[in-house]
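Structure file work10.pdb with PDB, C-alpha atoms and all ligand atoms:
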ATOM      1  CA  MET A 163     -10.512 -21.174  63.002  1.00  0.00           C
ATOM      2  CA  GLU A 164     -12.992 -22.336  60.377  1.00  0.00           C
ATOM      3  CA  ILE A 165     -16.668 -22.832  61.174  1.00  0.00           C
ATOM      4  CA  LEU A 166     -18.714 -25.496  59.429  1.00  0.00           C
ATOM      5  CA  ILE A 167     -22.413 -25.113  60.209  1.00  0.00           C
ATOM      6  CA  ILE A 168     -24.857 -28.028  60.131  1.00  0.00           C
ATOM      7  CA  THR A 169     -28.504 -27.121  60.097  1.00  0.00           C
ATOM      8  CA  GLY A 170     -31.823 -28.855  59.536  1.00  0.00           C
ATOM      9  CA  PRO A 171     -34.893 -29.903  61.509  1.00  0.00           C
ATOM     10  CA  PRO A 172     -34.836 -31.780  64.806  1.00  0.00           C
ATOM     11  CA  TYR A 173     -34.406 -35.555  64.261  1.00  0.00           C
ATOM     12  CA  SER A 174     -32.776 -34.998  60.847  1.00  0.00           C
ATOM     13  CA  GLY A 175     -29.548 -36.696  61.972  1.00  0.00           C
ATOM     14  CA  LYS A 176     -27.364 -33.582  62.362  1.00  0.00           C
ATOM     15  CA  GLY A 177     -25.667 -34.856  65.514  1.00  0.00           C
ATOM     16  CA  THR A 178     -24.918 -38.249  63.971  1.00  0.00           C
ATOM     17  CA  GLN A 179     -23.375 -36.705  60.862  1.00  0.00           C
ATOM     18  CA  CYS A 180     -21.333 -34.279  62.990  1.00  0.00           C
ATOM     19  CA  GLU A 181     -19.797 -37.184  64.904  1.00  0.00           C
ATOM     20  CA  VAL A 182     -18.726 -38.870  61.655  1.00  0.00           C
ATOM     21  CA  LEU A 183     -17.423 -35.663  60.099  1.00  0.00           C
ATOM     22  CA  LYS A 184     -15.496 -34.473  63.143  1.00  0.00           C
ATOM     23  CA  ALA A 185     -13.187 -37.498  62.987  1.00  0.00           C
ATOM     24  CA  GLN A 186     -12.591 -36.978  59.281  1.00  0.00           C
ATOM     25  CA  LEU A 187     -12.013 -33.227  59.407  1.00  0.00           C
ATOM     26  CA  ASN A 188     -10.300 -33.088  62.792  1.00  0.00           C
ATOM     27  CA  PHE A 189     -12.754 -30.380  63.866  1.00  0.00           C
ATOM     28  CA  GLU A 190     -14.486 -30.124  67.253  1.00  0.00           C
ATOM     29  CA  HIS A 191     -18.205 -30.954  67.242  1.00  0.00           C
ATOM     30  CA  ILE A 192     -20.061 -28.245  69.151  1.00  0.00           C
ATOM     31  CA  SER A 193     -23.744 -28.913  69.814  1.00  0.00           C
ATOM     32  CA  THR A 194     -25.510 -25.951  71.405  1.00  0.00           C
ATOM     33  CA  GLY A 195     -28.244 -28.326  72.640  1.00  0.00           C
ATOM     34  CA  GLU A 196     -25.566 -30.383  74.430  1.00  0.00           C
ATOM     35  CA  ARG A 197     -24.123 -27.208  75.902  1.00  0.00           C
ATOM     36  CA  CYS A 198     -27.573 -26.223  77.230  1.00  0.00           C
ATOM     37  CA  ARG A 199     -27.988 -29.673  78.805  1.00  0.00           C
ATOM     38  CA  LEU A 200     -24.498 -29.452  80.328  1.00  0.00           C
ATOM     39  CA  GLU A 201     -25.316 -26.116  81.957  1.00  0.00           C
ATOM     40  CA  LYS A 202     -28.407 -27.759  83.462  1.00  0.00           C
ATOM     41  CA  GLU A 203     -26.394 -30.776  84.721  1.00  0.00           C
ATOM     42  CA  ASN A 204     -23.865 -28.431  86.284  1.00  0.00           C
ATOM     43  CA  GLY A 205     -26.728 -26.697  88.099  1.00  0.00           C
ATOM     44  CA  THR A 206     -25.815 -23.199  86.893  1.00  0.00           C
ATOM     45  CA  GLU A 207     -28.370 -20.380  87.046  1.00  0.00           C
ATOM     46  CA  ILE A 208     -28.371 -20.048  83.280  1.00  0.00           C
ATOM     47  CA  GLY A 209     -28.773 -23.840  82.990  1.00  0.00           C
ATOM     48  CA  LYS A 210     -31.986 -23.665  85.012  1.00  0.00           C
ATOM     49  CA  VAL A 211     -33.370 -20.995  82.683  1.00  0.00           C
ATOM     50  CA  MET A 212     -32.302 -22.961  79.592  1.00  0.00           C
ATOM     51  CA  SER A 213     -33.916 -26.197  80.770  1.00  0.00           C
ATOM     52  CA  GLU A 214     -37.296 -24.490  81.193  1.00  0.00           C
ATOM     53  CA  TYR A 215     -37.303 -23.794  77.471  1.00  0.00           C
ATOM     54  CA  GLU A 216     -35.646 -27.033  76.413  1.00  0.00           C
ATOM     55  CA  GLU A 217     -38.008 -29.327  78.273  1.00  0.00           C
ATOM     56  CA  LYS A 218     -41.034 -27.725  76.566  1.00  0.00           C
ATOM     57  CA  GLY A 219     -39.477 -27.893  73.105  1.00  0.00           C
ATOM     58  CA  ASP A 220     -39.084 -24.100  72.953  1.00  0.00           C
ATOM     59  CA  LEU A 221     -36.027 -22.144  71.886  1.00  0.00           C
ATOM     60  CA  VAL A 222     -33.815 -20.537  74.517  1.00  0.00           C
ATOM     61  CA  PRO A 223     -33.902 -16.707  74.061  1.00  0.00           C
ATOM     62  CA  ASP A 224     -31.531 -15.279  71.466  1.00  0.00           C
ATOM     63  CA  LEU A 225     -29.528 -13.125  73.893  1.00  0.00           C
ATOM     64  CA  ILE A 226     -28.688 -16.094  76.120  1.00  0.00           C
ATOM     65  CA  MET A 227     -27.647 -18.077  73.049  1.00  0.00           C
ATOM     66  CA  LYS A 228     -25.566 -15.160  71.786  1.00  0.00           C
ATOM     67  CA  ASP A 229     -23.537 -15.169  75.018  1.00  0.00           C
ATOM     68  CA  LEU A 230     -23.127 -18.933  74.827  1.00  0.00           C
ATOM     69  CA  PHE A 231     -22.022 -18.776  71.186  1.00  0.00           C
ATOM     70  CA  SER A 232     -19.518 -16.009  71.935  1.00  0.00           C
ATOM     71  CA  LYS A 233     -18.064 -18.172  74.721  1.00  0.00           C
ATOM     72  CA  ILE A 234     -17.896 -21.170  72.356  1.00  0.00           C
ATOM     73  CA  LEU A 235     -15.926 -19.139  69.804  1.00  0.00           C
ATOM     74  CA  ASP A 236     -13.470 -17.935  72.454  1.00  0.00           C
ATOM     75  CA  GLU A 237     -12.964 -21.437  73.840  1.00  0.00           C
ATOM     76  CA  ASN A 238     -12.203 -22.849  70.393  1.00  0.00           C
ATOM     77  CA  LYS A 239     -10.142 -20.048  68.865  1.00  0.00           C
ATOM     78  CA  SER A 240      -6.941 -22.096  68.734  1.00  0.00           C
ATOM     79  CA  ASN A 241      -8.634 -25.104  67.094  1.00  0.00           C
ATOM     80  CA  SER A 242      -8.393 -25.631  63.349  1.00  0.00           C
ATOM     81  CA  GLY A 243     -12.165 -25.720  63.100  1.00  0.00           C
ATOM     82  CA  ILE A 244     -15.529 -26.474  64.644  1.00  0.00           C
ATOM     83  CA  ILE A 245     -18.648 -28.156  63.328  1.00  0.00           C
ATOM     84  CA  LEU A 246     -21.481 -26.095  64.735  1.00  0.00           C
ATOM     85  CA  ASP A 247     -24.645 -28.109  65.351  1.00  0.00           C
ATOM     86  CA  GLY A 248     -27.830 -26.321  66.475  1.00  0.00           C
ATOM     87  CA  TYR A 249     -26.870 -22.675  66.010  1.00  0.00           C
ATOM     88  CA  PRO A 250     -28.189 -20.409  64.500  1.00  0.00           C
ATOM     89  CA  ARG A 251     -31.916 -21.239  64.825  1.00  0.00           C
ATOM     90  CA  THR A 252     -33.561 -17.833  64.384  1.00  0.00           C
ATOM     91  CA  ILE A 253     -33.064 -14.853  62.061  1.00  0.00           C
ATOM     92  CA  ALA A 254     -31.676 -12.820  64.997  1.00  0.00           C
ATOM     93  CA  GLN A 255     -29.182 -15.617  65.721  1.00  0.00           C
ATOM     94  CA  VAL A 256     -27.977 -15.525  62.098  1.00  0.00           C
ATOM     95  CA  SER A 257     -27.223 -11.809  62.510  1.00  0.00           C
ATOM     96  CA  ASP A 258     -25.535 -12.410  65.883  1.00  0.00           C
ATOM     97  CA  LEU A 259     -23.446 -15.207  64.414  1.00  0.00           C
ATOM     98  CA  LEU A 260     -22.297 -13.135  61.437  1.00  0.00           C
ATOM     99  CA  ASP A 261     -21.438 -10.157  63.683  1.00  0.00           C
ATOM    100  CA  LEU A 262     -19.559 -12.244  66.263  1.00  0.00           C
ATOM    101  CA  VAL A 263     -17.616 -14.235  63.681  1.00  0.00           C
ATOM    102  CA  GLU A 264     -16.557 -11.045  61.918  1.00  0.00           C
ATOM    103  CA  SER A 265     -15.654  -9.195  65.120  1.00  0.00           C
ATOM    104  CA  LYS A 266     -13.470 -12.105  66.272  1.00  0.00           C
ATOM    105  CA  GLY A 267     -11.711 -12.353  62.878  1.00  0.00           C
ATOM    106  CA  MET A 268     -12.981 -15.886  62.213  1.00  0.00           C
ATOM    107  CA  LYS A 269     -14.598 -17.294  59.099  1.00  0.00           C
ATOM    108  CA  ILE A 270     -17.537 -19.457  58.111  1.00  0.00           C
ATOM    109  CA  GLY A 271     -16.697 -22.294  55.752  1.00  0.00           C
ATOM    110  CA  LYS A 272     -19.779 -24.051  54.523  1.00  0.00           C
ATOM    111  CA  VAL A 273     -23.350 -24.330  55.740  1.00  0.00           C
ATOM    112  CA  LEU A 274     -24.788 -27.831  55.307  1.00  0.00           C
ATOM    113  CA  ASN A 275     -28.565 -28.045  55.446  1.00  0.00           C
ATOM    114  CA  ILE A 276     -30.045 -31.528  55.913  1.00  0.00           C
ATOM    115  CA  ASP A 277     -33.547 -31.782  54.507  1.00  0.00           C
ATOM    116  CA  VAL A 278     -35.949 -34.457  55.835  1.00  0.00           C
ATOM    117  CA  PRO A 279     -39.763 -34.474  55.371  1.00  0.00           C
ATOM    118  CA  LYS A 280     -41.951 -34.063  58.463  1.00  0.00           C
ATOM    119  CA  SER A 281     -43.502 -37.561  58.250  1.00  0.00           C
ATOM    120  CA  GLU A 282     -40.017 -39.120  58.456  1.00  0.00           C
ATOM    121  CA  LEU A 283     -38.963 -36.769  61.293  1.00  0.00           C
ATOM    122  CA  LEU A 284     -41.883 -37.979  63.414  1.00  0.00           C
ATOM    123  CA  ILE A 285     -40.927 -41.628  62.811  1.00  0.00           C
ATOM    124  CA  ARG A 286     -37.309 -40.914  63.784  1.00  0.00           C
ATOM    125  CA  ALA A 287     -38.458 -39.007  66.885  1.00  0.00           C
ATOM    126  CA  GLU A 288     -40.506 -42.012  68.038  1.00  0.00           C
ATOM    127  CA  ASN A 289     -37.516 -44.295  67.512  1.00  0.00           C
ATOM    128  CA  ARG A 290     -35.194 -41.972  69.405  1.00  0.00           C
ATOM    129  CA  ALA A 291     -37.652 -41.827  72.317  1.00  0.00           C
ATOM    130  CA  LYS A 292     -37.087 -45.563  72.929  1.00  0.00           C
ATOM    131  CA  THR A 293     -33.463 -45.087  73.989  1.00  0.00           C
ATOM    132  CA  SER A 294     -33.051 -41.383  74.810  1.00  0.00           C
ATOM    133  CA  GLU A 295     -32.800 -40.054  78.353  1.00  0.00           C
ATOM    134  CA  ARG A 296     -33.758 -36.529  77.254  1.00  0.00           C
ATOM    135  CA  LYS A 297     -37.067 -35.228  78.639  1.00  0.00           C
ATOM    136  CA  ASP A 298     -37.834 -33.463  75.356  1.00  0.00           C
ATOM    137  CA  ASP A 299     -37.448 -36.802  73.500  1.00  0.00           C
ATOM    138  CA  LYS A 300     -40.037 -38.627  75.548  1.00  0.00           C
ATOM    139  CA  ASP A 301     -43.258 -36.881  74.542  1.00  0.00           C
ATOM    140  CA  THR A 302     -44.927 -37.004  71.113  1.00  0.00           C
ATOM    141  CA  GLU A 303     -46.498 -33.560  71.641  1.00  0.00           C
ATOM    142  CA  ILE A 304     -43.025 -32.103  72.207  1.00  0.00           C
ATOM    143  CA  HIS A 305     -41.755 -33.786  69.036  1.00  0.00           C
ATOM    144  CA  LYS A 306     -44.530 -31.988  67.117  1.00  0.00           C
ATOM    145  CA  LYS A 307     -43.815 -28.720  68.917  1.00  0.00           C
ATOM    146  CA  ARG A 308     -40.106 -28.878  68.064  1.00  0.00           C
ATOM    147  CA  ILE A 309     -40.884 -29.465  64.392  1.00  0.00           C
ATOM    148  CA  GLU A 310     -43.345 -26.540  64.466  1.00  0.00           C
ATOM    149  CA  VAL A 311     -40.697 -24.308  66.079  1.00  0.00           C
ATOM    150  CA  PHE A 312     -38.335 -25.350  63.293  1.00  0.00           C
ATOM    151  CA  GLU A 313     -40.898 -24.406  60.632  1.00  0.00           C
ATOM    152  CA  ASN A 314     -41.760 -21.062  62.245  1.00  0.00           C
ATOM    153  CA  SER A 315     -38.308 -19.891  63.355  1.00  0.00           C
ATOM    154  CA  THR A 316     -35.471 -21.960  61.919  1.00  0.00           C
ATOM    155  CA  ARG A 317     -36.662 -22.463  58.346  1.00  0.00           C
ATOM    156  CA  PRO A 318     -36.933 -18.665  57.861  1.00  0.00           C
ATOM    157  CA  ALA A 319     -33.464 -18.340  59.476  1.00  0.00           C
ATOM    158  CA  ILE A 320     -32.048 -20.814  56.927  1.00  0.00           C
ATOM    159  CA  GLU A 321     -33.663 -18.812  54.111  1.00  0.00           C
ATOM    160  CA  TYR A 322     -32.093 -15.648  55.554  1.00  0.00           C
ATOM    161  CA  MET A 323     -28.695 -17.384  55.758  1.00  0.00           C
ATOM    162  CA  LYS A 324     -29.016 -18.267  52.068  1.00  0.00           C
ATOM    163  CA  SER A 325     -29.110 -14.554  51.281  1.00  0.00           C
ATOM    164  CA  LYS A 326     -25.878 -14.001  53.258  1.00  0.00           C
ATOM    165  CA  ILE A 327     -23.705 -17.114  52.863  1.00  0.00           C
ATOM    166  CA  ASN A 328     -23.474 -20.252  50.780  1.00  0.00           C
ATOM    167  CA  VAL A 329     -25.910 -22.910  52.051  1.00  0.00           C
ATOM    168  CA  LEU A 330     -25.729 -26.417  50.566  1.00  0.00           C
ATOM    169  CA  THR A 331     -28.907 -28.481  50.954  1.00  0.00           C
ATOM    170  CA  PHE A 332     -28.787 -32.298  51.162  1.00  0.00           C
ATOM    171  CA  ASP A 333     -31.440 -34.958  50.948  1.00  0.00           C
ATOM    172  CA  GLY A 334     -31.423 -36.426  54.464  1.00  0.00           C
ATOM    173  CA  LEU A 335     -33.328 -39.602  53.550  1.00  0.00           C
ATOM    174  CA  GLY A 336     -31.289 -42.786  53.430  1.00  0.00           C
ATOM    175  CA  SER A 337     -28.761 -44.618  55.564  1.00  0.00           C
ATOM    176  CA  ILE A 338     -26.238 -42.755  57.732  1.00  0.00           C
ATOM    177  CA  ASP A 339     -23.419 -43.842  55.376  1.00  0.00           C
ATOM    178  CA  VAL A 340     -25.235 -42.692  52.255  1.00  0.00           C
ATOM    179  CA  ILE A 341     -25.890 -39.250  53.753  1.00  0.00           C
ATOM    180  CA  THR A 342     -22.281 -38.978  54.961  1.00  0.00           C
ATOM    181  CA  GLU A 343     -21.102 -39.714  51.403  1.00  0.00           C
ATOM    182  CA  ARG A 344     -23.433 -37.021  50.009  1.00  0.00           C
ATOM    183  CA  ILE A 345     -22.026 -34.487  52.448  1.00  0.00           C
ATOM    184  CA  LYS A 346     -18.389 -35.514  51.979  1.00  0.00           C
ATOM    185  CA  ALA A 347     -18.701 -35.134  48.223  1.00  0.00           C
ATOM    186  CA  SER A 348     -19.390 -31.428  48.748  1.00  0.00           C
ATOM    187  CA  LEU A 349     -16.556 -30.734  51.199  1.00  0.00           C
TER     188      LEU A 349
HETATM  189  P1  LIG B 401     -30.799 -29.943  70.241  1.00  0.00           P
HETATM  190  O1  LIG B 401     -29.972 -30.853  71.107  1.00  0.00           O
HETATM  191  O2  LIG B 401     -29.987 -29.275  69.183  1.00  0.00           O
HETATM  192  O3  LIG B 401     -31.969 -30.647  69.680  1.00  0.00           O
HETATM  193  O4  LIG B 401     -31.342 -28.761  71.181  1.00  0.00           O
HETATM  194  C1  LIG B 401     -32.108 -29.050  72.315  1.00  0.00           C
HETATM  195  C2  LIG B 401     -32.716 -27.788  72.868  1.00  0.00           C
HETATM  196  O5  LIG B 401     -31.693 -26.875  73.287  1.00  0.00           O
HETATM  197  C3  LIG B 401     -33.579 -26.988  71.906  1.00  0.00           C
HETATM  198  O6  LIG B 401     -34.885 -27.498  71.773  1.00  0.00           O
HETATM  199  C4  LIG B 401     -33.566 -25.615  72.595  1.00  0.00           C
HETATM  200  O7  LIG B 401     -34.398 -25.595  73.731  1.00  0.00           O
HETATM  201  C5  LIG B 401     -32.118 -25.529  73.079  1.00  0.00           C
HETATM  202  N1  LIG B 401     -31.254 -24.922  72.026  1.00  0.00           N
HETATM  203  C6  LIG B 401     -30.171 -25.477  71.434  1.00  0.00           C
HETATM  204  N2  LIG B 401     -29.641 -24.659  70.520  1.00  0.00           N
HETATM  205  C7  LIG B 401     -30.414 -23.549  70.526  1.00  0.00           C
HETATM  206  C8  LIG B 401     -30.418 -22.331  69.793  1.00  0.00           C
HETATM  207  N3  LIG B 401     -29.505 -22.078  68.835  1.00  0.00           N
HETATM  208  N4  LIG B 401     -31.371 -21.409  70.084  1.00  0.00           N
HETATM  209  C9  LIG B 401     -32.292 -21.616  71.034  1.00  0.00           C
HETATM  210  N5  LIG B 401     -32.373 -22.751  71.745  1.00  0.00           N
HETATM  211  C10 LIG B 401     -31.443 -23.711  71.501  1.00  0.00           C
END

Just dump the structure as structure tokens.
Amino acid sequence: MEILIITGPPYSGKGTQCEVLKAQLNFEHISTGERCRLEKENGTEIGKVMSEYEEKGDLVPDLIMKDLFSKILDENKSNSGIILDGYPRTIAQVSDLLDLVESKGMKIGKVLNIDVPKSELLIRAENRAKTSERKDDKDTEIHKKRIEVFENSTRPAIEYMKSKINVLTFDGLGSIDVITERIKASL
């Protein structure tokens, strides 16, 4: 099974691009944020813990995410590939990902990094808030917090990934179709 990783800040359009790409590549789209929300909807113990972090715009602890990611890999081992959206988000998660992928005999294809400036992210967050049911989408302070968490934890994780695997960075400004074309040209 091949793993295509999509990374970038919150509100950069990762989920949207994953939905377009999954149809074209015939890969499963796995969003770790969606998986956290599903655990909460199912009322599991771990879901309750996850939602405490999610609703404040914080990251769920690395060890919980490591278990979830390991489960995701096992569930998808007979698929041709997955597009991984939302993992890894910290330096420790990059190490966990590399260890787990190696120990399970899987491989990472490409890492696609969507780059969008903060001013545009805040505009997109406000737009998303109009239609989203997510608690963490409804509050401007949480939008800012999530972008700050990205800067403090995920941007360094992306830099660390660059030292380990090939990371391709894309300009995430423009229409959905234009960005899809930019990404497809590199695949
Ligand atoms: P997302 O749907 O990708 O925006 O993720 C929503 C929320 O789920 C995040 O703000 C975190 O609380 C949690 N989450 C998702 N993926 C991760 C991850 N890799 N590490 C920690 N928390 C995560």

### Task
Go ahead and compute the interatomic distance for atom CA of Asp258 of chain A and atom CA of Glu217 of chain A, in Å to one decimal.
24.4 Å

Within 9 Å of ligand LIG 401 (chain B), which residues of chain A come that close, and what is the closest atom pair and distance in Å for each? Count only C-alpha atoms and all ligand atoms and give it as a Markdown table.
| residue | atom | partner | partner_atom | distance |
| --- | --- | --- | --- | --- |
| A:Pro171 | CA | B:LIG401 | O3 | 8.7 |
| A:Pro172 | CA | B:LIG401 | O3 | 5.8 |
| A:Tyr173 | CA | B:LIG401 | O3 | 7.7 |
| A:Lys176 | CA | B:LIG401 | O2 | 8.5 |
| A:Gly177 | CA | B:LIG401 | O2 | 8.0 |
| A:Ser193 | CA | B:LIG401 | O2 | 6.3 |
| A:Thr194 | CA | B:LIG401 | N2 | 4.4 |
| A:Gly195 | CA | B:LIG401 | O1 | 3.4 |
| A:Glu196 | CA | B:LIG401 | O1 | 5.5 |
| A:Arg197 | CA | B:LIG401 | C6 | 7.7 |
| A:Cys198 | CA | B:LIG401 | O5 | 5.7 |
| A:Arg199 | CA | B:LIG401 | O5 | 7.2 |
| A:Met212 | CA | B:LIG401 | O7 | 6.8 |
| A:Ser213 | CA | B:LIG401 | O7 | 7.1 |
| A:Glu214 | CA | B:LIG401 | O7 | 8.1 |
| A:Tyr215 | CA | B:LIG401 | O7 | 5.1 |
| A:Glu216 | CA | B:LIG401 | O7 | 3.3 |
| A:Glu217 | CA | B:LIG401 | O7 | 6.9 |
| A:Lys218 | CA | B:LIG401 | O7 | 7.5 |
| A:Gly219 | CA | B:LIG401 | O6 | 4.8 |
| A:Asp220 | CA | B:LIG401 | O7 | 5.0 |
| A:Leu221 | CA | B:LIG401 | N5 | 3.7 |
| A:Val222 | CA | B:LIG401 | N5 | 3.8 |
| A:Pro223 | CA | B:LIG401 | C9 | 6.0 |
| A:Asp224 | CA | B:LIG401 | N4 | 6.3 |
| A:Ile226 | CA | B:LIG401 | C9 | 8.3 |
| A:Met227 | CA | B:LIG401 | N4 | 5.8 |
| A:Lys228 | CA | B:LIG401 | N3 | 8.5 |
| A:Phe231 | CA | B:LIG401 | N3 | 8.5 |
| A:Asp247 | CA | B:LIG401 | O2 | 6.7 |
| A:Gly248 | CA | B:LIG401 | O2 | 4.6 |
| A:Tyr249 | CA | B:LIG401 | N3 | 3.9 |
| A:Pro250 | CA | B:LIG401 | N3 | 4.8 |
| A:Arg251 | CA | B:LIG401 | N3 | 4.8 |
| A:Thr252 | CA | B:LIG401 | N4 | 7.1 |
| A:Gln255 | CA | B:LIG401 | N3 | 7.2 |
| A:Asp298 | CA | B:LIG401 | O6 | 7.6 |
| A:Arg308 | CA | B:LIG401 | O6 | 6.6 |
| A:Val311 | CA | B:LIG401 | O6 | 8.7 |

### Task
Name the residues, using the chain letters and numbers of the file, that sit within 12 Å of (-19.9, -11.6, 65.3) when counting only C-alpha atoms, and give them as a ChimeraX atom specification.
/A:228-229,231-233,235-236,254-270

Prev. selection, C-alpha atoms, output as a short mmCIF file (atom, residue, chain, number, x, y, z; two decimals), keeping the file's coordinate frame:
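This went into again_23.cif:
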data_model
loop_
_atom_site.label_atom_id
_atom_site.label_comp_id
_atom_site.auth_asym_id
_atom_site.auth_seq_id
_atom_site.Cartn_x
_atom_site.Cartn_y
_atom_site.Cartn_z
CA LYS A 228 -25.57 -15.16 71.79
CA ASP A 229 -23.54 -15.17 75.02
CA PHE A 231 -22.02 -18.78 71.19
CA SER A 232 -19.52 -16.01 71.94
CA LYS A 233 -18.06 -18.17 74.72
CA LEU A 235 -15.93 -19.14 69.80
CA ASP A 236 -13.47 -17.93 72.45
CA ALA A 254 -31.68 -12.82 65.00
CA GLN A 255 -29.18 -15.62 65.72
CA VAL A 256 -27.98 -15.52 62.10
CA SER A 257 -27.22 -11.81 62.51
CA ASP A 258 -25.54 -12.41 65.88
CA LEU A 259 -23.45 -15.21 64.41
CA LEU A 260 -22.30 -13.14 61.44
CA ASP A 261 -21.44 -10.16 63.68
CA LEU A 262 -19.56 -12.24 66.26
CA VAL A 263 -17.62 -14.24 63.68
CA GLU A 264 -16.56 -11.04 61.92
CA SER A 265 -15.65 -9.20 65.12
CA LYS A 266 -13.47 -12.10 66.27
CA GLY A 267 -11.71 -12.35 62.88
CA MET A 268 -12.98 -15.89 62.21
CA LYS A 269 -14.60 -17.29 59.10
CA ILE A 270 -17.54 -19.46 58.11
#

Could you name the residues that touch Ser281 of chain A at 12 Å or less, counting only C-alpha atoms, but leaving out those on the same chain fewer than 6 positions away, as a short mmCIF file (atom, residue, chain, number, x, y, z; two decimals) with C-alpha atoms, in the coordinates of the input?
data_model
loop_
_atom_site.label_atom_id
_atom_site.label_comp_id
_atom_site.auth_asym_id
_atom_site.auth_seq_id
_atom_site.Cartn_x
_atom_site.Cartn_y
_atom_site.Cartn_z
CA PRO A 171 -34.89 -29.90 61.51
CA TYR A 173 -34.41 -35.56 64.26
CA SER A 174 -32.78 -35.00 60.85
CA ALA A 287 -38.46 -39.01 66.89
CA GLU A 288 -40.51 -42.01 68.04
CA HIS A 305 -41.76 -33.79 69.04
CA LYS A 306 -44.53 -31.99 67.12
CA ILE A 309 -40.88 -29.46 64.39
CA LEU A 335 -33.33 -39.60 53.55
#

### Task
Considering only C-alpha atoms, return as a list of chain:residue names whatever protein or nucleic-acid residues lie within 9 Å of Ile327 of chain A, sequence-local ones (same chain, fewer than 4 positions apart) excluded.
A:Ile270, A:Lys272, A:Val273, A:Tyr322, A:Met323

### Task
Just give me the gap between atom CA of Ile244 of chain A and atom CA of His191 of chain A in Å, one decimal is fine.
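Between atom CA of Ile244 of chain A and atom CA of His191 of chain A the gap is 5.8 Å.
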
### Query
With all atoms listed in the file as the basis for distance, which of A:Leu274, A:Lys202, A:Arg290, A:Ala185 is at the shortest distance from Ile345 of chain A?
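Looking only at the distances to Ile345 of chain A, the closest residue turns out to be A:Leu274.
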
### Task
May I ask which of the residues A:Gly175, A:Gly334, A:Gly209, A:Pro318 is the closest one to Pro279 of chain A, counting only C-alpha atoms?
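Residue with the minimum atom-to-atom distance to Pro279 of chain A: A:Gly334.
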
### Task
Apply the PyMOL selection byres (((chain A and resi 190) around 7) and not hetatm) to the file shown and report the selected residues as a list in words.
Lys184, Asn188, Phe189, His191, Ile192, Gly243, Ile244 and Ile245 of chain A

### Query
Mind pulling up the distance from atom CA of Glu237 of chain A to atom CA of Met163 of chain A?
11.1 Å

### Query
Restricting the calculation to only C-alpha atoms, which member of A:Ile285, A:Gln179, A:Gly170, A:Ala319 is positioned closest to Ser337 of chain A?
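Of the candidates, the smallest distance to Ser337 of chain A is held by A:Gln179.
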
### Task
Using the chain letters and numbers from the file, give me the residues hit by the PyMOL selection byres (((chain A and resi 275) around 8) and not hetatm), as number ranges by chain.
A: 168-170, 273-274, 276-277, 329-332

### Message
Using only C-alpha atoms for the distances, tell me which of A:Leu225, A:Val278, A:Leu246, A:Leu349 is nearest to Ile208 of chain A.
### Response
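Under the stated criterion, the closest residue is A:Leu225.
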
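Shortest atom-to-atom contact with Leu166 of chain A among A:Leu183, A:Thr293, A:Thr178, A:Asp301: A:Leu183, counting all atoms listed in the file.
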
### Message
Taking 6 positions as the minimum chain separation for residues in the same chain, which residues sit within 8 Å of Lys300 of chain A when counting all atoms listed in the file? Answer as a list in words.
### Response
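The residues satisfying every condition are Ala291, Lys292 and Ser294 of chain A.
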
### Task
Return the single residue from A:Glu282, A:Ile304, A:Asn289, A:Ile253 that is closest to Lys326 of chain A, with distances computed using all atoms listed in the file.
A:Ile253
